[in-house]
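Reading through the structure tokens given below for one structure.
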Amino acid sequence: MNHTNIRTIFAFAFSSQLVLSACGSSSTNNIDGESNIVGESATTMSSDRIAMSQVGFLPDSEKVALIPDVPVSQFQIFSIAEGEVVFEGELTDAKEWQVAKGESYKVADFSALNSTGELILRIDGVEDKAFQINQNAYDKLHDASLKSFYFNRASTDITEEYGGAWARAAGHLDEKVNYHASALKGSTNKDSSNSKDRLFIASKGWYDAGDYGKYVVNSGIATYTLLAAFQHHPNFYQNRNINIPESDNGIPDLLDEINWNLEWLEKMQADDGSVYHKLTTLKWPGKEMPHQDKRARYVIGKSTSAALDFAAVMAMASRVYGHQSDTYLTKSQQWLKQATRAYQWAKANSDLPYVQPDDVKSGEYGDDFFHDEFSWAAAELFLATNDTRYLDDFAQYQQPFTVPSWQHVSALGVISLLAAETNTLDEALYQQLRKTLLDTADVYVSQYQESAFRVPMVADDFVWGSNSAALNKAIVLMQAYRLTGNAEYKTVASSLMTYVLGKNPTGYSFVTGFGEKPAMLPHHRASQSDRVTRPIPGMLVGGPQNGQQDGCDYPSGEPALSYADTWCSYSTNEVAINWNAPLVYVLASLIAD
């Protein structure tokens, strides 16, 4: 028995406010300061052995805790406000998760408890666990995850007014970027083809990950996902203020943040319609702040994948921004022209993979199969122009529906076509696309039902950036929910959110700044070099995977246990914009839908 008396429960509940403030239950929490990360005193009050969301639950969401294999069969939920037990349930039999062998867990499922408040999970032989159910449980988490893109802006100061403890000087103005020889091969660009000594202007954009590079391919899926978040939940974002310099300009903050990256992307297109693959230094930067990195920067290479990702994003942006203001109407028209030219170039250069030059060590984002990129770009251009020739191309290049990633984007065009406000697809094509998405979502539901951890994650999902794989599955599930209204899809999607927030065998919340045991040492140069103990909040780390490519020390070789909260572990603890974007999307979707 490890129950506390009533007086101790209330004392514990008071101390748990420190934990819950990161979840949105405290009005004093501020994503610009350090108060959204709990102190050591709060951490010691909870058991590391119960695995559950460390950021609470929405009332209508899946609510599950994983319990060590103790010799009891029941659990209780105690309401702090009411001073009594408000829910009782049966624990499942203990099972071992196949991707985390070595320890068995029982499941406590209290999804049927929809009342809000601060509560205690009580089980004989296990330390009591405080948590909350709150309609606003994810609000501050969402805003911080979106604002992490602001903290990763290139070419601008992050001032104290908007950045709080994480203010910093501007880095990488990118007004004098060099052309790498690989960017000039076969070029008809009159501004660059004659001399490697000419300079290129490509300011703004987001730093891609833990380094200071800017990559078109990875930026493509990240930007798409944020555009989709707005497109699918416009009312949620209409008046949402995350405190960035543009917050009072009458445009939703999400669109202002995306625009910072679009204004970089538009500069990455050459006169002939081709698109440079990336903008980086030749070698990795040191562990230093952005303004301290003085290495020469280059636009490097061109590729079919960069051109097609560019075409897809710019076509989509032209639809999303066209009705926002006169200024954006002009921009949207320009972006659509750029998208068309990039697509035309890709059609004429349909098999040009990016090949890493010998003198370049920055991220590769290499790909040598482009049918999925063609289908995605064609879908977005069809929706932007209503030109059925693009729809014909979509059908020609369409690939099997898979969980989205930077290298596999076949799902993105399908999602866009099914979510279009005005459906101009013929019924047969619409039903075919609908079926392929729902069939995939049903696979994820089956994986959830078969999982000892109530998580639709299998061995193949534990790749570099496994947390992104989890949340991109959740995006697919939320599309299925939107198409059918079947709440089971939303339940399984919410299970993936609670997984990254603590319902996992590592004991960590994988989002910096949120939860009682959040990742504290992400592989993120600005967070490791700014002399602030706590990292920038709202960043999703990559998550467990047993490739262990960095040679660091890990507690286990099991896929779901191979995680280390250390700077060394760039293979499990790095952050990236294409991982944070699905975090933003899924949070918005769970809150708004």
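Identifiers for the structure tokens are assigned positionally: chains receive A, B, ... in sequence, residues are indexed from 1 per chain, and ligands are indexed from 1 in the order shown.
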
Region 231-242 of chain A environment, 8 Å, only C-alpha atoms, sequence neighbours closer than 4 positions dropped, as a PyMOL selection string: chain A and resi 143-144+146-147+227+247+251-254+320+419+588-589+592

For Gln545 (chain A), please output as a PyMOL selection string all residues within 9 Å (counting only C-alpha atoms; exclusion window: fewer than 4 positions along the same chain). chain A and resi 461-466+557-563+571-572

Which neighbours of His523 (chain A) fall inside 8 Å, counting only C-alpha atoms, when residues of the same chain fewer than 5 positions from it are skipped, and could you give them as a VMD selection string? chain A and resid 210 528 566 to 570 573 to 575

Take the residues from that selection and write them out as a tab-separated table (two decimals), in the first residue's frame, keeping C-alpha atoms.
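To be explicit, this is the file written out as out-v4.tsv:
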chain	number	residue	atom	x	y	z
A	210	GLY	CA	20.02	21.32	-34.76
A	528	GLN	CA	23.02	24.45	-26.11
A	566	THR	CA	21.93	14.34	-24.29
A	567	TRP	CA	23.49	16.71	-26.81
A	568	CYS	CA	25.58	13.80	-28.05
A	569	SER	CA	22.53	11.92	-29.30
A	570	TYR	CA	21.73	13.61	-32.56
A	573	ASN	CA	17.54	13.96	-29.42
A	574	GLU	CA	17.86	16.39	-32.32
A	575	VAL	CA	14.98	18.67	-33.23

Could you pull the residues within 9 Å of region 107-116 of chain A, counting only C-alpha atoms, minus those fewer than 6 positions along the same chain, as an MDAnalysis selection string? chainID A and resid 58:68 74:75 77 86:95 132:135 452:454

Long-range neighbours of Val511 (chain A) as a compact mmCIF listing (two decimals) with N, CA and C atoms, in the first residue's frame, 6 Å cut-off, only C-alpha atoms, 4 positions minimum in chain:
# COMPACT_ATOMS: atom_id res chain seq x y z
N GLY A 538 8.82 23.90 -26.40
CA GLY A 538 7.93 23.55 -27.49
C GLY A 538 8.58 22.80 -28.64
N MET A 539 9.80 22.31 -28.47
CA MET A 539 10.48 21.58 -29.54
C MET A 539 10.35 20.08 -29.31
N LEU A 540 9.96 19.36 -30.36
CA LEU A 540 9.84 17.92 -30.31
C LEU A 540 11.16 17.28 -30.70

Using only C-alpha atoms, which residues sit within 7 Å of Lys214 (chain A) once same-chain residues fewer than 4 positions away are excluded, as a PyMOL selection string? chain A and resi 206-208+278-280

Please, which residues of region 301-495 of chain A, numbered as in this document, come out helix (DSSP H, G or I) from DSSP, as number ranges by chain? A: 304-321, 326-348, 371-385, 388-397, 410-419, 427-450, 459-461, 466-484, 487-495

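Minimum distance to His371 (chain A) across A:Leu184, A:Val70, A:Ala411, A:Val355 (counting only C-alpha atoms) occurs at A:Ala411.
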
Nearest residue to Thr281 (chain A) from the set A:Arg297, A:His142, A:Arg168, A:Lys473 (distances using only C-alpha atoms): A:Arg297

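Reported to one decimal place, the separation of CA of Glu288 (chain A) from CA of Ala526 (chain A) is 6.8 Å.
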
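Nearest residue to Glu364 (chain A), choosing from A:Gly413, A:Pro285, A:Gly220, A:Gly213 and counting only C-alpha atoms: A:Gly213.
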
Minimum-distance residue to Ser556 (chain A), chosen among A:Arg389, A:Tyr276, A:Pro505, A:Asn578 (using only C-alpha atoms): A:Pro505
